[in-house]
Each structure stands twice: as structure tokens, then as C-alpha cells.
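Q: Dropping the structure in here first, questions after.
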Amino acid sequence: MQRDPEPPERRSRGQGPDADGPVDDTAGGPQPDDAGGVVDVPADASAAQPQGTEPSASGEDAGTSDAAAAGNERAADAESATERPDERPDERPDERREIPAAKVPHTAQAQAPAPAPAAAPSAPPQPPRRDAGGNLVLSTSSAAVLIGVLALLASGVMVHLGMVFLHVAPTNTVSRQYDDAIDGYIYPEFEQNWKLFAPNPLQHNIAVHARVETRGPSGERERGGWVDLTAFDAENIRGNLLPSHTAQNELRRAWDFFSGSHDAQNEPTGPRGLLSEAYVKRIAMLRLAEHRGLDPSTVQRIQLRSATTPVQPPPWSGETVKEETKYRTLHWWPVTGADVP
């Protein structure tokens, strides 16, 4: 029986049949283990032995034991890798890398609800800004509004003073040119009366009376008696520490307005006369409705008159005045819807 030729690698390593010593079957390739399996032994297993060490007498038995030990170690590693899939076979338990905690979400932390954001504390009210001298500093918008309001008030005051000055000043070019506009602004609310400072002040009491003509249920006209309108204002003034301006001056100034714009025959002398008639007529209707309960819708006409009574001088003056009341009776004026309060 002829023997197979020897592989070249064995001849190069000196492990052929003609070489001294037994043949090392563990040089490389698959080797059978004790359990009947095959263990892949690395080719450089013999190189792991220290140099200069002589093989033992029983080289074949030693190679077989080393191969079996290596197979058992690899089988144990494979079984350990099967039981712990999260560990790699080529790593030892004490050499595993630690994964940072930031990359692994914690179950308790993931399920815990996020804390509610804390409410921001309300800022305390800011005190008004002041300069070094302690003066209040306004914002630009507030300063602009304040300046606008002051400018409007100043303009209104200047217009009012200018109108009053042109009214009381001697006749001049401006007052003659704008006479209608000045009178329309002054009368009747801002009319000026300087008789208080005259050498001869008023020395008479003037009362205004009124009576109306109404239409009865059957259509006939009924004429009422005279009513003293000035007496109503006198009742509101006497004993009142703070009487109203209307009770003191409204009716009195309205009658002065009428007297100055009419002649002795009670005819108007200009546009102001017609205005004064409407003004005094409406005041009379208002007084009758307030104090006598008159229904203005039933009034057809109204008539007014003045009762002038002189004021008796003091005893020490030595003057004597005849006590006599003089009346000035006006025409009947029709009452329209515009005259009803």
C-alpha cells in the first residue's frame, strides 16, 4: 500500500514522516473532540508555546488534550452568549462599556408627568417717574394729550374774553363789522350789566306777570288770570344759602333783554327784539308748567306784563318816593310747539 505524498507545508515545517519526532496533528484545521464533535483549531496554536520548550514524550496525547480543552472553552463561550444575548461573546462581563444614562430613558422618569411651570410673580406697580428735582415726568403720549387739552381750553378762554371785550368796549371798526356774531354769542347768557357800579343804581322792583289763553274740551277759549312769575323765584331765593343762578337771574335778565330791544310801543327794534320775545315767552311757559301744573299742549296764546314798584329810600336820606306800581302790558303771542318745554 503506497503512502500519500506529504503536503508541502509539512515539509517546510519539518513535520513530515522523515522528520524527527511525532507529527503534531493540532497544527491547524478541524480536530475531533472527546464528545465526537469537530473543533476548529487555529493554525498558529503551536506558536503559542514558549520557544525552546521541547515537546513532551507523549506529543499526540498532549495535542489531543489541548484541542479538547480549547473546544470545551469555546462551547462554554457559545452557551454563555446564547443565555445572555445582550453581551457580546468577545467581551468579558467586567469589560463591557457603560452606556451613558442620558441616552437610556428611565421608565419612571419617562412616565412621570412634567411639573407645571411656576406662575411668574406679578410685577409691582411702577411708581411715577420723576426727575432729579422731584417733578413728575410724563410720557410722550400723555404730554401730547395734556398739551392738546390745554391748548383747546386756552383757545376757548381767549375767544370768550375777546367777545366780551368787543361787546363792552366802545363802538369800533371790528365791533361794527362783526356786530351780529358778537351779539349772537353774548346774548342772552353772557350779557353784561354795569349798572351795579353806576352812580345811580336800580331803585325799582320789577316783577313779571303772565296769563294764558287755553282751549277747553268743547273748543271755546278760556282766559286765565295773571300769575306772578317773579314770586316763584323769590320763594326759591329767600332762606336759601346757595340759590341757583336761574332763580336769581334768568327771568330778570330775560326781561332786561326784552326791554332793551323794544321801543315804547313794545315793537322790536331789530333782530335782537325777535330773539328776546322767543326767549322770555319760553321762560314763562316753563315757569307755569313747573309751578302751576299747566298743560302746555292746551295753551293757544300767552300775554306778559311787567309791574314796576319803586324802592323806598332810607329814612336818613330825606327823599320821598310815591308808592305807585306801573304796568307795562305786552301783546298776545301765539304759542307753537317750539315754545313748549
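By convention in this document, the chains of the C-alpha cells carry letters A, B, ... by their order, each chain's residues are numbered from 1, and ligands are numbered from 1 in the order they are shown.
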From the DSSP assignment of the backbone, select every residue of region 112-318 of chain A that is alpha helix (DSSP H), and format the answer as a PyMOL selection string.

A: chain A and resi 140-168+173-177+179-186+229-237+245+251-260+271-291

Q: In Å, how far is it from CA of His291 (chain A) to CA of Phe232 (chain A)?

A: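 Spanning CA of His291 (chain A) to CA of Phe232 (chain A) is a straight-line distance of 7.6 Å.
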
Q: Looking only at strand (DSSP E or B) from DSSP on the backbone, list the matching residues of region 196-293 of chain A as a list of chain:residue names.

A: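 Answer for region 196-293 of chain A, restricted to strand (DSSP E or B): A:His204, A:Asn205, A:Ile206, A:Ala207, A:Val208, A:His209, A:Ala210, A:Arg211, A:Val212, A:Glu213, A:Thr214, A:Arg215, A:Arg221, A:Glu222, A:Arg223, A:Val227, A:Asp228, A:His262, A:Pro268.
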
Q: Would you output that residue set with C-alpha atoms, as a compact mmCIF listing (two decimals), in the first residue's frame?

A:
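What landed in selection10.txt:
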```txt
# COMPACT_ATOMS: atom_id res chain seq x y z
CA HIS A 204 -87.20 149.78 41.45
CA ASN A 205 -88.50 146.27 41.93
CA ILE A 206 -89.72 144.79 38.63
CA ALA A 207 -91.96 141.72 38.62
CA VAL A 208 -93.00 139.79 35.51
CA HIS A 209 -96.59 138.51 35.26
CA ALA A 210 -98.11 136.15 32.70
CA ARG A 211 -101.50 134.79 31.73
CA VAL A 212 -102.54 132.26 29.10
CA GLU A 213 -105.49 131.53 26.88
CA THR A 214 -106.42 127.88 26.54
CA ARG A 215 -108.91 125.90 24.50
CA ARG A 221 -111.28 129.68 24.60
CA GLU A 222 -110.70 130.28 28.29
CA ARG A 223 -108.55 133.14 29.57
CA VAL A 227 -99.64 134.86 37.65
CA ASP A 228 -96.59 136.47 39.31
CA HIS A 262 -88.12 147.12 22.09
CA PRO A 268 -88.84 145.16 18.24
```

Q: Which residues come within 9 Å of Gln312 (chain A), counting only C-alpha atoms, excluding same-chain residues fewer than 4 positions away, as a PyMOL selection string?

A: chain A and resi 203-204+319-323

Q: Just how far from CA of Asp263 (chain A) is CA of Gly225 (chain A), in Å to one decimal?

A: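 Going from CA of Gly225 (chain A) over to CA of Asp263 (chain A), I get 26.2 Å.
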
Q: Interatomic distance between CA of Ala278 (chain A) and CA of Ile237 (chain A)?

A: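 Separating CA of Ala278 (chain A) from CA of Ile237 (chain A) is a distance of 25.5 Å.
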